[in-house]
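Q: Dumping the structure here so I can ask a few things about it.
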Amino acid sequence: MIAESMYQELILEHYKHPQGRGLRDPYDAEVHHVNPTCGDEITMRVKVGDGGKVEDVSYDGQGCSISQAAASVLHELTTGSTVDETLAVVDEFTRLMQGRGKVEADEDVLGDAVAFAGVAKFPARVKCALLAWMAYKDAVVRSSK
Amino acid sequence: MSTGFDVERIRKDFPVLSRELPGGRPLVYLDSGNSAQKPTQVIEVMRDHLAMHYSNVGRALHALGAESTEAYETARDKVAAFIGAPSRDEIIFTKNASEALNLVAYAFGNPITEDPRFRLAPGDEIVISEMEHHSNIVPWQMLAQRTGVKLRWFSVTDEGRLDLSNLEELVNERTKMVSIVHQSNVLGTINPVAQVLARVREVGALMMLDASQSVPHHAVDVAALGVDFLAFTGHKVVGPSGIGVLWGRGELLDAMPPFMGGGEMIEAVWMDHSTYAPAPHKFEAGTPPIVEAIGLGAAVDYLSEIGMDAIARHEHELTGYALDALGEIPGLKVIGPKGLEQRGATVSFTLEGIHPHDVGQILDDNFGVAVRVGHHCARPLHLRFGIPATTRASLYLYNTPAEIDALVRGLHHVRKVFA
Ligand SMILES: Cc1ncc(COP(=O)(O)O)c(C=O)c1O
């Protein structure tokens, strides 16, 4: 059935056991994003070190499984990479989510985030999946100011 | 469970209830509080009017104009009889309940009328409640912004009832209008109109009911209620969307300013001023939703034929069945009265640790169960309970205990997925 392609095991796993959750110090920028239609929210902190390396992405928030699992996957994918590398992932993820289920995901770029491919078929849920990623993009921009 | 009510026969009147959803899922429609499905009787009347009798109303002198006008005005008679309005001229067709509520809010502090009941002085107050639909909040907030009138509200108790402990203080000599919901679209609570109205009369204020969720489900008689205004919306009473009703006491409607200006709402027009038609036409500017009004007439005919008391009994038994069945699901918390006293067939709930959007998605995708998830246009009420959203099952005349069972099976599955 349709939902089974959306609630992938990996998504449920991240929802039940979120990685890197909780706000931590030190950080360069903190942002708060909300999804007004469903009330999902996230607070995110980013710490960028020498050579543009993402040293920590910490977050807290509430919402549906899709929005919470997305934040957990994001934490795993971004921490330890360079800002430039992670922004490429953000772009690819955004392209996938906005593709109405018709876009082929680039697994090499997205890694575990390909599990969200099924969400793209549900316009009402795309914003849930994007919440953490948009917050991350915002935080990175601010941290470089 | 037997309700002495032939629900299987009623279901045959609603074509959509026998369709299949993609993937071969049956449809279990538990979202009538959002919008009701339509019986063949309504669809056919509208189709026939569009096909064979359609023309503009009021202003065409030919045969079709006469037939259309006759059908449109007959719909007004039917609606008047359905809600016990003393006069057919007290029925104003609007686009929906929201427009009816805005129309009344717009009458206050409006320089076009000098009637003291609608004039606003510094310190005047309007009273609503924390359980209102946004349609009965925002028009009054906008009035407050326009005029400086003070907006106040009843709180809601933990059980989901109107908190009347401060009724005397809240409704006072400064109060101009009390506008509350008759039956909550989230909690299912039916509010104690008589008790509030008694205080409203003591202080000489006006009272309006948002009856969007009561008129579809049980007999509503405006004369017996004794309030001044009542609004409801066509699409929730098995009628079409695009048509709503404002009922108001005739002499108040006479005293009120028009809402929108345009054709049909005038008596005579000069270049620098106009005089207005009497109610209801004063409030129906422009070409109205003709076929929608006729469809609404067919809808109230349909409900009357079955009988509103029979519908209310059926829903009452179904609600009891649903509350019992849902009560057995671990982690499920009903937001609203747990008993059947003064409560309608709307059951909202939270499932511990699982977001309503996940609940709704799995119910729909795996089981074809259509519920509503979110704040149901009652955000302040959800804030009151400290939750961002709920899942809402809202039942109607065509729902069955088997559909409640499907909901319960679905919820058990939801819990398994997120365990
Ligand atoms: C209690 C209540 N009031 C008002 C409305 C608004 O109805 P409409 O959107 O048709 O104007 C609704 C339904 O959405 C409702 O449930």
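If you're wondering about the labels, chains in the structure tokens are A, B, ... by order shown, residues count from 1 in each chain, ligands from 1 in order shown.
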Give me the residues near Gly336 (chain B) as a PyMOL selection string, where near means some atom within 12 Å (using only C-alpha atoms) and where sequence neighbours in that chain fewer than 4 positions away do not count.
A: chain B and resi 131+156-162+183-190+323+340-350+381-382+385+390+392
Q: Would you give me, as a Markdown table, each residue of chain B having an atom within 6 Å of an atom of ligand 1, along with its shortest atom pair and that distance in Å to one decimal, using only C-alpha atoms and all ligand atoms and sorting by chain and residue number?
A:
```
| residue | atom | partner | partner_atom_place_in_ligand_line | distance |
| --- | --- | --- | --- | --- |
| B:Asn34 | CA | ligand 1 | 14 (O) | 5.8 |
| B:Asn96 | CA | ligand 1 | 11 (O) | 4.2 |
| B:Ala97 | CA | ligand 1 | 11 (O) | 3.8 |
| B:Ser98 | CA | ligand 1 | 11 (O) | 3.6 |
| B:His133 | CA | ligand 1 | 3 (N) | 5.0 |
| B:Ser135 | CA | ligand 1 | 4 (C) | 5.2 |
| B:Val181 | CA | ligand 1 | 1 (C) | 6.0 |
| B:Ser184 | CA | ligand 1 | 1 (C) | 5.7 |
| B:Asn185 | CA | ligand 1 | 16 (O) | 4.7 |
| B:Asp210 | CA | ligand 1 | 3 (N) | 5.8 |
| B:Ser212 | CA | ligand 1 | 2 (C) | 4.8 |
| B:Gln213 | CA | ligand 1 | 1 (C) | 5.4 |
| B:Thr233 | CA | ligand 1 | 10 (O) | 4.8 |
```
Q: List every residue of chain A that has an atom at most 12 Å from any atom of chain B, and for each one report the closest atom pair and its distance in Å to one decimal, counting only C-alpha atoms, with rows sorted by chain and then by increasing residue number, as a tab-separated table.
A:
```
residue	atom	partner	partner_atom	distance
A:Met1	CA	B:Asn366	CA	6.2
A:Ile2	CA	B:Asp365	CA	5.9
A:Ala3	CA	B:Asp365	CA	5.4
A:Glu4	CA	B:Asn366	CA	8.3
A:Ser5	CA	B:Asp365	CA	10.4
A:Met6	CA	B:Gln361	CA	9.7
A:Tyr7	CA	B:Val417	CA	8.8
A:Gln8	CA	B:Val417	CA	10.4
A:Glu9	CA	B:Val417	CA	9.5
A:Ile11	CA	B:Phe418	CA	10.6
A:Leu12	CA	B:Phe418	CA	7.1
A:Glu13	CA	B:Phe418	CA	9.3
A:His14	CA	B:Phe418	CA	11.2
A:Tyr15	CA	B:Phe418	CA	8.6
A:Lys16	CA	B:Phe418	CA	7.6
A:His17	CA	B:Phe418	CA	11.4
A:Val34	CA	B:Pro388	CA	11.8
A:Asn35	CA	B:Pro388	CA	11.3
A:Pro36	CA	B:Pro388	CA	10.3
A:Thr37	CA	B:Gly374	CA	8.0
A:Cys38	CA	B:Gly374	CA	6.1
A:Gly39	CA	B:Pro388	CA	5.9
A:Asp40	CA	B:Pro388	CA	8.2
A:Glu41	CA	B:Pro388	CA	10.3
A:Gln62	CA	B:His355	CA	9.1
A:Gly63	CA	B:His355	CA	6.4
A:Cys64	CA	B:His355	CA	4.8
A:Ser65	CA	B:Asp358	CA	6.8
A:Ile66	CA	B:Asp358	CA	8.3
A:Ser67	CA	B:His355	CA	10.4
A:Gln68	CA	B:His355	CA	10.4
A:Val119	CA	B:Gln361	CA	11.2
A:Phe122	CA	B:Gln361	CA	9.6
A:Ala124	CA	B:His357	CA	9.5
A:Arg125	CA	B:His357	CA	8.6
A:Cys128	CA	B:His357	CA	9.9
```
Q: According to DSSP computed on the backbone, where in chain A is there alpha helix (DSSP H)? Give the residues as a ChimeraX atom specification.
A: /A:2-6,9-16,65-78,83-97,107-110,123-143
Q: Leaving out region 89-91 of chain A and any residue of its chain fewer than 6 positions from it, which residues lie within 8 Å of it when counting only C-alpha atoms, given as a PDB file with C-alpha atoms, in the first residue's frame?
A:
```pdb
ATOM      1  CA  VAL A 109      24.665  12.275  -2.801  1.00  0.00           C
ATOM      2  CA  LEU A 110      21.742  11.548  -0.483  1.00  0.00           C
ATOM      3  CA  TRP A 133      16.720  20.858   5.991  1.00  0.00           C
ATOM      4  CA  LYS A 137      20.399  25.838   5.366  1.00  0.00           C
TER       5      LYS A 137
END
```
Q: What is the distance between CA of Lys150 (chain B) and CA of Ala211 (chain B), in Å to one decimal?
A: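 Distance between the two atoms: 23.8 Å.
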Q: What gap, in Å, lies between CA of Val140 (chain A) and CA of Glu107 (chain A)?
A: 23.2 Å
